[in-house]
Amino acid sequence: MISIKEIRDNHNSILHSLNKRGNDFSNILSEILLIDSDWRKANQEFESARNKQNELTKKFAKDTSSSNTKNELKLLSESTKSLEKEATFLKSKMNDLLLSLPNIPDEDLLPGGKENNEVLKAYGSATESNFKQLDHMTLCRDLNLIDYDRGVKLAGTGNWLYWGKGAVLEWALINYFISEHLKSGYRFVLPPHILTYSSGIGAGQFPKFADDVFLISRDNNALNEEQKFLLPTSETALVNIYRDEILLEKSLPIKLFSYTPCYRKEAGGYRSDEKGTIRGHQFNKVEMFHFAHPDKWRDSFDELVENAAKLVESLGLHYRVTKLAAGDVSASMKRTYDIEVYIPSHGYKEVSSVSNAGNYQAIRTNVRFRNTTKGKLDFVYTLNGSGLATSRLFTAIVEQFQDSKGGIMVPQVLQKWFGEEYIAPINKEKI
């Protein structure tokens, strides 16, 4: 959330930065400043009326026989309530507009969308095989790893069912990621999957992106303060853990990670190149999260990028790191680097987004620390990064490590949990 003070003091620079996202924010910023002016005037009138009311109340307490004072107090009380109602209304209206604003992208980001994303580095290369490679859906069906048809039968389009060795391989990925984050000193968290409306506000999910989540209520289309929803990513839960708390400066950065399924409504639908496990309503993800000191956010950001990239690299997969342009960075974030794995039949697909939210989420969740340098309370910075999402990695492993026999080599780091080095072709009947 961008503070109203920041908009008052830096209107032009904020407008310039927000417009790099590809939309014109001049009207909404002007409206916010207009309402802010009206609110300050109304609030000043309310405070003045309330002070007069308090003084008159004390005067009446000393002389309750004065009918003039009693009548004056009654009129003043009604006027004060009316002014308070007006000030509260304007404050709420302004707050709603502030909540709808996206974060301010960093200055070094290019304007525009995906066309201006910048590849920073790549690991490995896309090699051509001397045999006809199969796509992951064909391989997973042939090897009995994923049942797409029964997944759709159980839950509808955009769902699948891990089957036999496919389920074991998926769980091996999760086990591996968990073990690596524990080695790195991160605290493991298993959060609730059903969250409150306040958690959605704090993460920046609500009110603007309510259509992206599965709402849980009697009226599934109503968004209100009683609303609960299925978490779209565990970041939404982690960012709210210390809501309305004051952290110790010496405890920063606080490094957490979690495992959860992620539930996405994907209101925009699916493209023809996103079949199989490329995009779905439910997928597994291990998430890293930092509550960081504002002066040291870069250290946290670089660490998260390095951690995510190392995991992909350790699997032996070809990938690249991409710096997103301002218009491609999600609304709650200031900057994002994507780690994109190579899937031969689909090209590059994101398996981790590492992002810095600055104090945008901390202002919404009111997570602060006592800044000894400034001598006052200050908001923390929040950063997150997938470490990692599994469904596309599963796909990349299947396609990059297939052989001419139609089998799949299991990455060495996963063999401890998978129990085998190779998934051999089978002569199967549909089970």
# chains A, B, ... in the order shown; residues from 1 in each chain; ligands from 1
>>> residues_around(residues="segment 348-364 of chain A", least_positions_apart="2", cutoff="8 Å", atoms="only C-alpha atoms", output="number ranges by chain")
A: 1-3, 103, 201-204, 239, 294, 297, 301, 304-305, 308, 319, 332-343, 346, 366-368, 379-390, 392-393
>>> select_by_dssp(residues="segment 96-306 of chain A", states="strand (DSSP E)", output="PyMOL selection string")
chain A and resi 118-123+146-147+161-162+187-189+194-196+215-216+228-230+246-247+254-263+282-292
>>> closest_atom_pairs(of="segment 109-226 of chain A", to="segment 17-35 of chain A", cutoff="9 Å", atoms="only C-alpha atoms", output="Markdown table")
| residue | atom | partner | partner_atom | distance |
| --- | --- | --- | --- | --- |
| A:Leu109 | CA | A:Lys20 | CA | 8.5 |
| A:Leu110 | CA | A:Lys20 | CA | 7.5 |
| A:Pro111 | CA | A:Lys20 | CA | 4.4 |
| A:Gly112 | CA | A:Gly22 | CA | 5.5 |
| A:Gly113 | CA | A:Arg21 | CA | 7.4 |
>>> write_last_selection(atoms="C-alpha atoms", output="tab-separated table (two decimals), in the first residue's frame")
chain	number	residue	atom	x	y	z
A	109	LEU	CA	12.84	-1.53	-14.40
A	110	LEU	CA	12.02	-1.02	-18.06
A	111	PRO	CA	8.49	0.19	-18.82
A	112	GLY	CA	5.96	-2.02	-20.60
A	113	GLY	CA	5.16	-5.71	-20.49
>>> select_by_dssp(residues="segment 219-375 of chain A", states="helix (DSSP H, G or I)", output="ChimeraX atom specification")
/A:235-238,249-251,294-314,326-328,360-365
>>> closest_residue(among="A:Asn71, A:Ser77, A:Thr157, A:Gln44", to="Thr277 of chain A", atoms="only C-alpha atoms")
A:Thr157
>>> atom_distance(atom1="atom CA of Glu287 of chain A", atom2="atom CA of Tyr259 of chain A")
6.4 Å
>>> closest_residue(among="A:Asn144, A:Gln227, A:Thr322, A:Ser13", to="Gly407 of chain A", atoms="only C-alpha atoms")
A:Asn144
>>> closest_residue(among="A:Gly185, A:Gly375, A:Pro425, A:Gly158", to="Pro253 of chain A", atoms="only C-alpha atoms")
A:Gly185
>>> closest_residue(among="A:Leu215, A:Ile246, A:Val189, A:Leu377", to="Phe289 of chain A", atoms="only C-alpha atoms")
A:Val189
>>> closest_residue(among="A:Gly151, A:Gly406, A:Gly327, A:Gly166", to="Phe394 of chain A", atoms="only C-alpha atoms")
A:Gly166
>>> decode(residues="segment 60-188 of chain A", atoms="C-alpha atoms", output="mmCIF file, in the first residue's frame")
data_model
loop_
_atom_site.group_PDB
_atom_site.id
_atom_site.type_symbol
_atom_site.label_atom_id
_atom_site.label_comp_id
_atom_site.auth_asym_id
_atom_site.auth_seq_id
_atom_site.Cartn_x
_atom_site.Cartn_y
_atom_site.Cartn_z
ATOM 1 C CA PHE A 60 -22.750 22.218 31.785
ATOM 2 C CA ALA A 61 -21.519 19.803 34.461
ATOM 3 C CA LYS A 62 -20.865 22.809 36.726
ATOM 4 C CA ASP A 63 -24.257 24.402 36.050
ATOM 5 C CA THR A 64 -26.928 21.901 34.974
ATOM 6 C CA SER A 65 -29.687 24.509 35.449
ATOM 7 C CA SER A 66 -28.744 26.446 32.318
ATOM 8 C CA SER A 67 -31.281 25.571 29.620
ATOM 9 C CA ASN A 68 -29.380 27.591 27.009
ATOM 10 C CA THR A 69 -26.222 25.557 27.606
ATOM 11 C CA LYS A 70 -28.194 22.323 27.466
ATOM 12 C CA ASN A 71 -29.780 23.255 24.106
ATOM 13 C CA GLU A 72 -26.468 24.453 22.734
ATOM 14 C CA LEU A 73 -24.831 21.196 23.800
ATOM 15 C CA LYS A 74 -27.534 19.162 22.102
ATOM 16 C CA LEU A 75 -27.122 21.045 18.806
ATOM 17 C CA LEU A 76 -23.341 20.834 19.013
ATOM 18 C CA SER A 77 -23.498 17.079 19.705
ATOM 19 C CA GLU A 78 -25.614 16.519 16.591
ATOM 20 C CA SER A 79 -23.270 18.654 14.507
ATOM 21 C CA THR A 80 -20.205 16.766 15.827
ATOM 22 C CA LYS A 81 -21.733 13.409 14.953
ATOM 23 C CA SER A 82 -22.521 14.627 11.436
ATOM 24 C CA LEU A 83 -18.963 15.925 10.934
ATOM 25 C CA GLU A 84 -17.511 12.675 12.273
ATOM 26 C CA LYS A 85 -19.671 10.671 9.876
ATOM 27 C CA GLU A 86 -18.507 12.791 6.934
ATOM 28 C CA ALA A 87 -14.820 12.504 7.919
ATOM 29 C CA THR A 88 -15.138 8.733 8.406
ATOM 30 C CA PHE A 89 -16.807 8.344 5.012
ATOM 31 C CA LEU A 90 -14.083 10.319 3.227
ATOM 32 C CA LYS A 91 -11.333 8.412 5.056
ATOM 33 C CA SER A 92 -12.869 5.076 4.064
ATOM 34 C CA LYS A 93 -13.276 6.168 0.449
ATOM 35 C CA MET A 94 -9.662 7.322 0.282
ATOM 36 C CA ASN A 95 -8.433 4.103 1.901
ATOM 37 C CA ASP A 96 -10.323 2.009 -0.678
ATOM 38 C CA LEU A 97 -8.600 3.909 -3.482
ATOM 39 C CA LEU A 98 -5.191 3.533 -1.830
ATOM 40 C CA LEU A 99 -5.764 -0.213 -1.464
ATOM 41 C CA SER A 100 -6.508 -0.456 -5.190
ATOM 42 C CA LEU A 101 -3.182 1.086 -6.223
ATOM 43 C CA PRO A 102 -0.360 -1.274 -7.244
ATOM 44 C CA ASN A 103 3.124 -1.014 -5.798
ATOM 45 C CA ILE A 104 5.645 1.480 -7.164
ATOM 46 C CA PRO A 105 8.049 -0.383 -9.499
ATOM 47 C CA ASP A 106 11.759 0.148 -8.989
ATOM 48 C CA GLU A 107 13.411 2.884 -11.047
ATOM 49 C CA ASP A 108 15.716 0.524 -12.940
ATOM 50 C CA LEU A 109 12.841 -1.531 -14.397
ATOM 51 C CA LEU A 110 12.023 -1.023 -18.063
ATOM 52 C CA PRO A 111 8.491 0.192 -18.818
ATOM 53 C CA GLY A 112 5.963 -2.020 -20.601
ATOM 54 C CA GLY A 113 5.164 -5.710 -20.488
ATOM 55 C CA LYS A 114 6.710 -9.077 -21.336
ATOM 56 C CA GLU A 115 8.262 -7.725 -24.520
ATOM 57 C CA ASN A 116 10.720 -5.736 -22.380
ATOM 58 C CA ASN A 117 11.708 -8.523 -19.986
ATOM 59 C CA GLU A 118 15.477 -8.985 -19.818
ATOM 60 C CA VAL A 119 17.289 -12.342 -19.633
ATOM 61 C CA LEU A 120 20.096 -11.941 -17.090
ATOM 62 C CA LYS A 121 21.722 -15.387 -17.235
ATOM 63 C CA ALA A 122 21.194 -18.952 -18.410
ATOM 64 C CA TYR A 123 22.351 -22.338 -17.163
ATOM 65 C CA GLY A 124 22.906 -25.090 -19.676
ATOM 66 C CA SER A 125 21.448 -25.036 -23.157
ATOM 67 C CA ALA A 126 18.613 -26.532 -25.136
ATOM 68 C CA THR A 127 20.149 -29.564 -26.813
ATOM 69 C CA GLU A 128 18.650 -31.486 -29.699
ATOM 70 C CA SER A 129 18.389 -35.244 -29.317
ATOM 71 C CA ASN A 130 19.084 -37.841 -31.992
ATOM 72 C CA PHE A 131 15.628 -39.348 -31.491
ATOM 73 C CA LYS A 132 12.084 -38.067 -31.714
ATOM 74 C CA GLN A 133 11.251 -36.528 -28.347
ATOM 75 C CA LEU A 134 7.807 -36.968 -26.873
ATOM 76 C CA ASP A 135 5.860 -34.259 -25.053
ATOM 77 C CA HIS A 136 5.250 -34.639 -21.315
ATOM 78 C CA MET A 137 1.574 -35.577 -21.649
ATOM 79 C CA THR A 138 2.422 -38.502 -23.920
ATOM 80 C CA LEU A 139 5.290 -39.627 -21.706
ATOM 81 C CA CYS A 140 3.267 -39.353 -18.493
ATOM 82 C CA ARG A 141 0.439 -41.375 -20.015
ATOM 83 C CA ASP A 142 2.787 -44.009 -21.433
ATOM 84 C CA LEU A 143 4.632 -44.392 -18.118
ATOM 85 C CA ASN A 144 1.454 -44.225 -16.033
ATOM 86 C CA LEU A 145 2.709 -41.190 -14.068
ATOM 87 C CA ILE A 146 -0.267 -38.832 -14.426
ATOM 88 C CA ASP A 147 -3.914 -39.535 -15.177
ATOM 89 C CA TYR A 148 -5.302 -36.429 -16.851
ATOM 90 C CA ASP A 149 -8.695 -37.906 -17.720
ATOM 91 C CA ARG A 150 -9.497 -39.039 -14.186
ATOM 92 C CA GLY A 151 -8.233 -35.721 -12.813
ATOM 93 C CA VAL A 152 -10.799 -33.940 -14.976
ATOM 94 C CA LYS A 153 -13.437 -36.481 -13.984
ATOM 95 C CA LEU A 154 -12.811 -35.781 -10.297
ATOM 96 C CA ALA A 155 -12.448 -31.996 -10.362
ATOM 97 C CA GLY A 156 -13.046 -30.602 -13.859
ATOM 98 C CA THR A 157 -10.791 -28.950 -16.435
ATOM 99 C CA GLY A 158 -7.415 -27.762 -15.176
ATOM 100 C CA ASN A 159 -6.850 -30.686 -12.809
ATOM 101 C CA TRP A 160 -4.824 -33.884 -12.923
ATOM 102 C CA LEU A 161 -4.062 -36.926 -10.784
ATOM 103 C CA TYR A 162 -0.509 -38.028 -9.942
ATOM 104 C CA TRP A 163 -0.379 -41.790 -10.230
ATOM 105 C CA GLY A 164 2.029 -44.422 -8.828
ATOM 106 C CA LYS A 165 5.623 -43.445 -9.576
ATOM 107 C CA GLY A 166 4.364 -40.039 -10.718
ATOM 108 C CA ALA A 167 3.091 -39.335 -7.205
ATOM 109 C CA VAL A 168 6.390 -40.560 -5.735
ATOM 110 C CA LEU A 169 8.393 -38.294 -8.079
ATOM 111 C CA GLU A 170 6.226 -35.297 -7.167
ATOM 112 C CA TRP A 171 6.719 -36.009 -3.451
ATOM 113 C CA ALA A 172 10.464 -36.513 -3.969
ATOM 114 C CA LEU A 173 10.688 -32.956 -5.326
ATOM 115 C CA ILE A 174 8.884 -31.582 -2.272
ATOM 116 C CA ASN A 175 11.064 -33.603 0.124
ATOM 117 C CA TYR A 176 14.220 -32.408 -1.595
ATOM 118 C CA PHE A 177 13.234 -28.737 -1.468
ATOM 119 C CA ILE A 178 12.244 -28.964 2.198
ATOM 120 C CA SER A 179 15.564 -30.578 3.136
ATOM 121 C CA GLU A 180 17.559 -27.907 1.282
ATOM 122 C CA HIS A 181 15.745 -24.991 2.935
ATOM 123 C CA LEU A 182 16.227 -26.558 6.354
ATOM 124 C CA LYS A 183 19.950 -26.804 5.629
ATOM 125 C CA SER A 184 19.919 -23.098 4.746
ATOM 126 C CA GLY A 185 18.530 -22.219 8.180
ATOM 127 C CA TYR A 186 14.972 -21.324 7.180
ATOM 128 C CA ARG A 187 12.107 -21.969 9.624
ATOM 129 C CA PHE A 188 9.522 -24.442 8.306
#
